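These notes concern the structure reproduced below.
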Amino acid sequence: MRRLRFKSVGSHEKARCYGGESLSSWCFRLAQFPEVQQYLLAKSTPGIISSMTHLSILEFEQSCNNADFDFIYDEPRKLMLMPIIGGNYRKFLVPSVCIQPVIPWQYRRSYCCSCISEALRVTRAPILKSSWRNVFEPFCIKHGELLRDAPPHVGRLLDGPRAIFKWHHMSPNECSSHEEYTLQWAAFLRSAEKVQRRIKRLLSGDEANVLDVSNTILALMRALLNPGAFLYDHLGARRLPDIEASQYETMNISLRLQVFRSSSASRARALFYVGVVLGWIKEKEIEKVSGDNYYAPKSASDVWGSIWEADSKVYAWLRSNLHIHQNNALRVSLPNGRG
Amino acid sequence: MSTHAKEFALKKINDYHFFGEDYHWFSNVLNPQSIDKNCTKIYHIDGLPGSGISTFLRAQKELLGDAAVDVEYIFSMNELTLIDHFSAALGLRSPHERLTTVPQYINEYIKCVGLKVVIIDDVDRFVTKPDRGQSIVKALQAICTAGSGLVVLYSTRNCMISSLASRVSVDNHQEFWIKGFLNAADISAVVKDFLNAANVICKQDLRIANACYLQAASGRVLIGDLVTLLKSVYTYATRLEMEEIRLENKLLDFLHA
């Protein structure tokens, strides 16, 4: 009987999961419906998860050791979703987007304002898409725009979609600086977007190689974004700041975390140089699209050189990583005579 | 009971063109296609108690669908302003917010979703300051101009608020008086349907004497009065006051079916 009642809510257009919407965003929207609130309250007496059921599904998610229901298969997730969503829960149990690394909850902040505006007309509430948290996708898949970044304290809120929407319209300076940046680097960003599309094609290919391809690109991005590398403090990063490292963080931790903390602009630049290293972007194109930054690398060997100069240990780490993960789909070889 | 029954009564009444020309004129004013984007209006919906003001506002909400939003009261230990309630009705309010003006993000939201009409039934509920309704009128004006123009429908029993609103915004403010009277044909149709449904449920043969119809038709009857009368007849005949709500729901389901 209860499920039937919920179905009537679920069949409502505004309550449906919008295409590409993340589970956390959808759950937050659902929790705003009075019918769902009543259901959660009614469910709390003989509940399956007893003490947890007084929480909304999103709070529940937060209290479960920050488990991220969007991307991780988990037993509590099944338990929580099944009674609420009914038969539809199955589609959220398949970890379909885990092939590429995902930005963790506490660093989530990227969004596409065109997508939010489009979704608003249908859902009448701001949404977040799960693809905005994919590390290799700093551009919106639908609109091809560089994603914007809200401050981390806004993005990681429980009502993240709403908070990001509000922040976007309440801070015109940040928005104008983003527009300036995208205008100034339009050609550069177009090339980076091509790299993103090519990576996406590779990742949707043969399943046996997918994980190795993903690891190879992640290792390259980590090396390019590590503290000390030229991308860490590039022009775009100063305008659209990355999340700062904590005070006592070691180099090893920074190397692993920076790729999740960097802004979409930084990730886009990293993707561009990944394209350079892989030979997807030729030197002529680099010259054409790069600004007048004297220190920016002009060729693949320059990029390798900059990584080595930043930290020889990172260079060695990168070499061993590439050696482990290289395969037929993506083969990268470092120049000889270094490290 | 009364709200549901009134809604049903109003549906019947609409079929008989109860509101006459006024109703259709008003429907045209609120038609999303005919609303001028730059024209902001505040309508004070007024009428005698029980004449169906709340029902009329609900009917307008149903008529307009997604183009209208109904501002409802939220209980809070902290006194929330009318704009707080408006923001909550849009689903945009965070718990820590205290709004005195309409922020930019609400304007953008309204433009994106294409909201046209705001319905505020009994605006007195949102009074937080003993300032003779000044803050409420200010909030009404702020809501009216949000998102480059909205039509606001409000009802109030507080004369100070309505007179202040009409004085402050002379050009934008307009009153709409709901007559809310039933004529003989309406009364007989509504009562007949109601009794038919009640008789099926309680397996009795409730009737109203023709003399009563004639008496009612001689003077005009308010919707609220008629609903109260039917309710008392139904309760007396069935003597199931405790089960009243459940039965009435069944009754309404039957009527809608």
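As shown in the structure tokens, the chain order sets the letters A, B, ...; within each chain, residues go from 1, and ligands are also counted from 1 in the order they appear.
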
- Counting only C-alpha atoms, which residues of chain A come no farther than 6 Å from chain B, as a PyMOL selection string? chain A and resi 120-121+166+169

- Message: Taking 5 positions as the minimum chain separation for residues in the same chain, which residues sit within 8 Å of A:Lys14 when counting only C-alpha atoms? Answer as a PyMOL selection string.
- Response: chain A and resi 122-124

- Item | Minimum-distance residue to A:Trp185, chosen among A:Leu220, A:Val135, A:Val289, A:Leu147 (using only C-alpha atoms) |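 Between A:Leu220, A:Val135, A:Val289, A:Leu147, the residue approaching A:Trp185 most closely is A:Val289.
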
Skipping near chain neighbours, those fewer than 5 positions away, what residues fall within 8 Å of A:Arg162 using only C-alpha atoms, listed as an mmCIF file with C-alpha atoms, in the first residue's frame?
```
data_model
loop_
_atom_site.group_PDB
_atom_site.id
_atom_site.type_symbol
_atom_site.label_atom_id
_atom_site.label_comp_id
_atom_site.auth_asym_id
_atom_site.auth_seq_id
_atom_site.Cartn_x
_atom_site.Cartn_y
_atom_site.Cartn_z
ATOM 1 C CA ALA A 125 14.510 22.492 -8.238
ATOM 2 C CA PRO A 126 18.249 22.784 -8.875
ATOM 3 C CA ILE A 127 20.059 19.517 -9.603
ATOM 4 C CA LEU B 92 14.787 27.453 -2.255
#
```

- Message: as an NGL selection string, please: the residues near A:Val332 (cut-off 7 Å, only C-alpha atoms, same-chain neighbours under 2 positions excluded).
- Response: :A and (278 or 322 or 326 or 330 or 334)

- Using only C-alpha atoms, the residue out of B:Ala67, B:Ala198, B:Leu57, B:Ile143 with shortest distance to B:Lys116 is B:Ala67

- Message: as a ChimeraX atom specification, please: the residues near A:Val210 (cut-off 9 Å, only C-alpha atoms, same-chain neighbours under 5 positions excluded).
- Response: /A:99-100,202-205,215,329

- Message: Considering only C-alpha atoms, can you say which of A:Gly20, A:Cys27, A:Ile103, A:Ala310 comes closest to A:Cys115?
- Response: A:Gly20

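Closest approach to A:Phe33 from the set A:Arg16, A:Val102, A:Phe165, A:Phe272 is made by A:Arg16, with distances taken over only C-alpha atoms.
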
- Using only C-alpha atoms, which residues sit within 7 Å of stretch 136-140 of chain A once same-chain residues fewer than 3 positions away are excluded, as a VMD selection string? chain A and resid 112 132 143 to 147 193 196 264 267 to 268

- Message: Applying 7 Å and only C-alpha atoms, which residues near B:Leu82 remain after dropping the ones on its own chain fewer than 3 positions away? List them as JSON, numbers by chain.
- Response: {"B": [85, 86, 126, 136, 139]}

Go ahead and write the residues just picked, N, CA and C atoms, as a tab-separated table (two decimals), in the first residue's frame.
```
chain	number	residue	atom	x	y	z
B	85	HIS	N	8.69	32.61	3.74
B	85	HIS	CA	7.67	31.62	3.36
B	85	HIS	C	7.59	31.48	1.84
B	86	PHE	N	7.70	32.59	1.15
B	86	PHE	CA	7.67	32.58	-0.31
B	86	PHE	C	8.85	31.76	-0.86
B	126	PHE	N	1.10	35.74	8.25
B	126	PHE	CA	2.52	36.00	8.10
B	126	PHE	C	2.98	37.28	8.79
B	136	ILE	N	4.23	43.70	5.89
B	136	ILE	CA	3.55	42.77	4.99
B	136	ILE	C	3.35	43.41	3.61
B	139	ALA	N	6.58	43.50	1.82
B	139	ALA	CA	6.92	42.16	1.31
B	139	ALA	C	6.09	41.81	0.08
```

- Task: Have a look at atom CA of B:Asn172 and atom CA of B:Cys144 and let me know their distance in Å, one decimal.
- Result: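 Distance reported for this atom pair: 9.4 Å.
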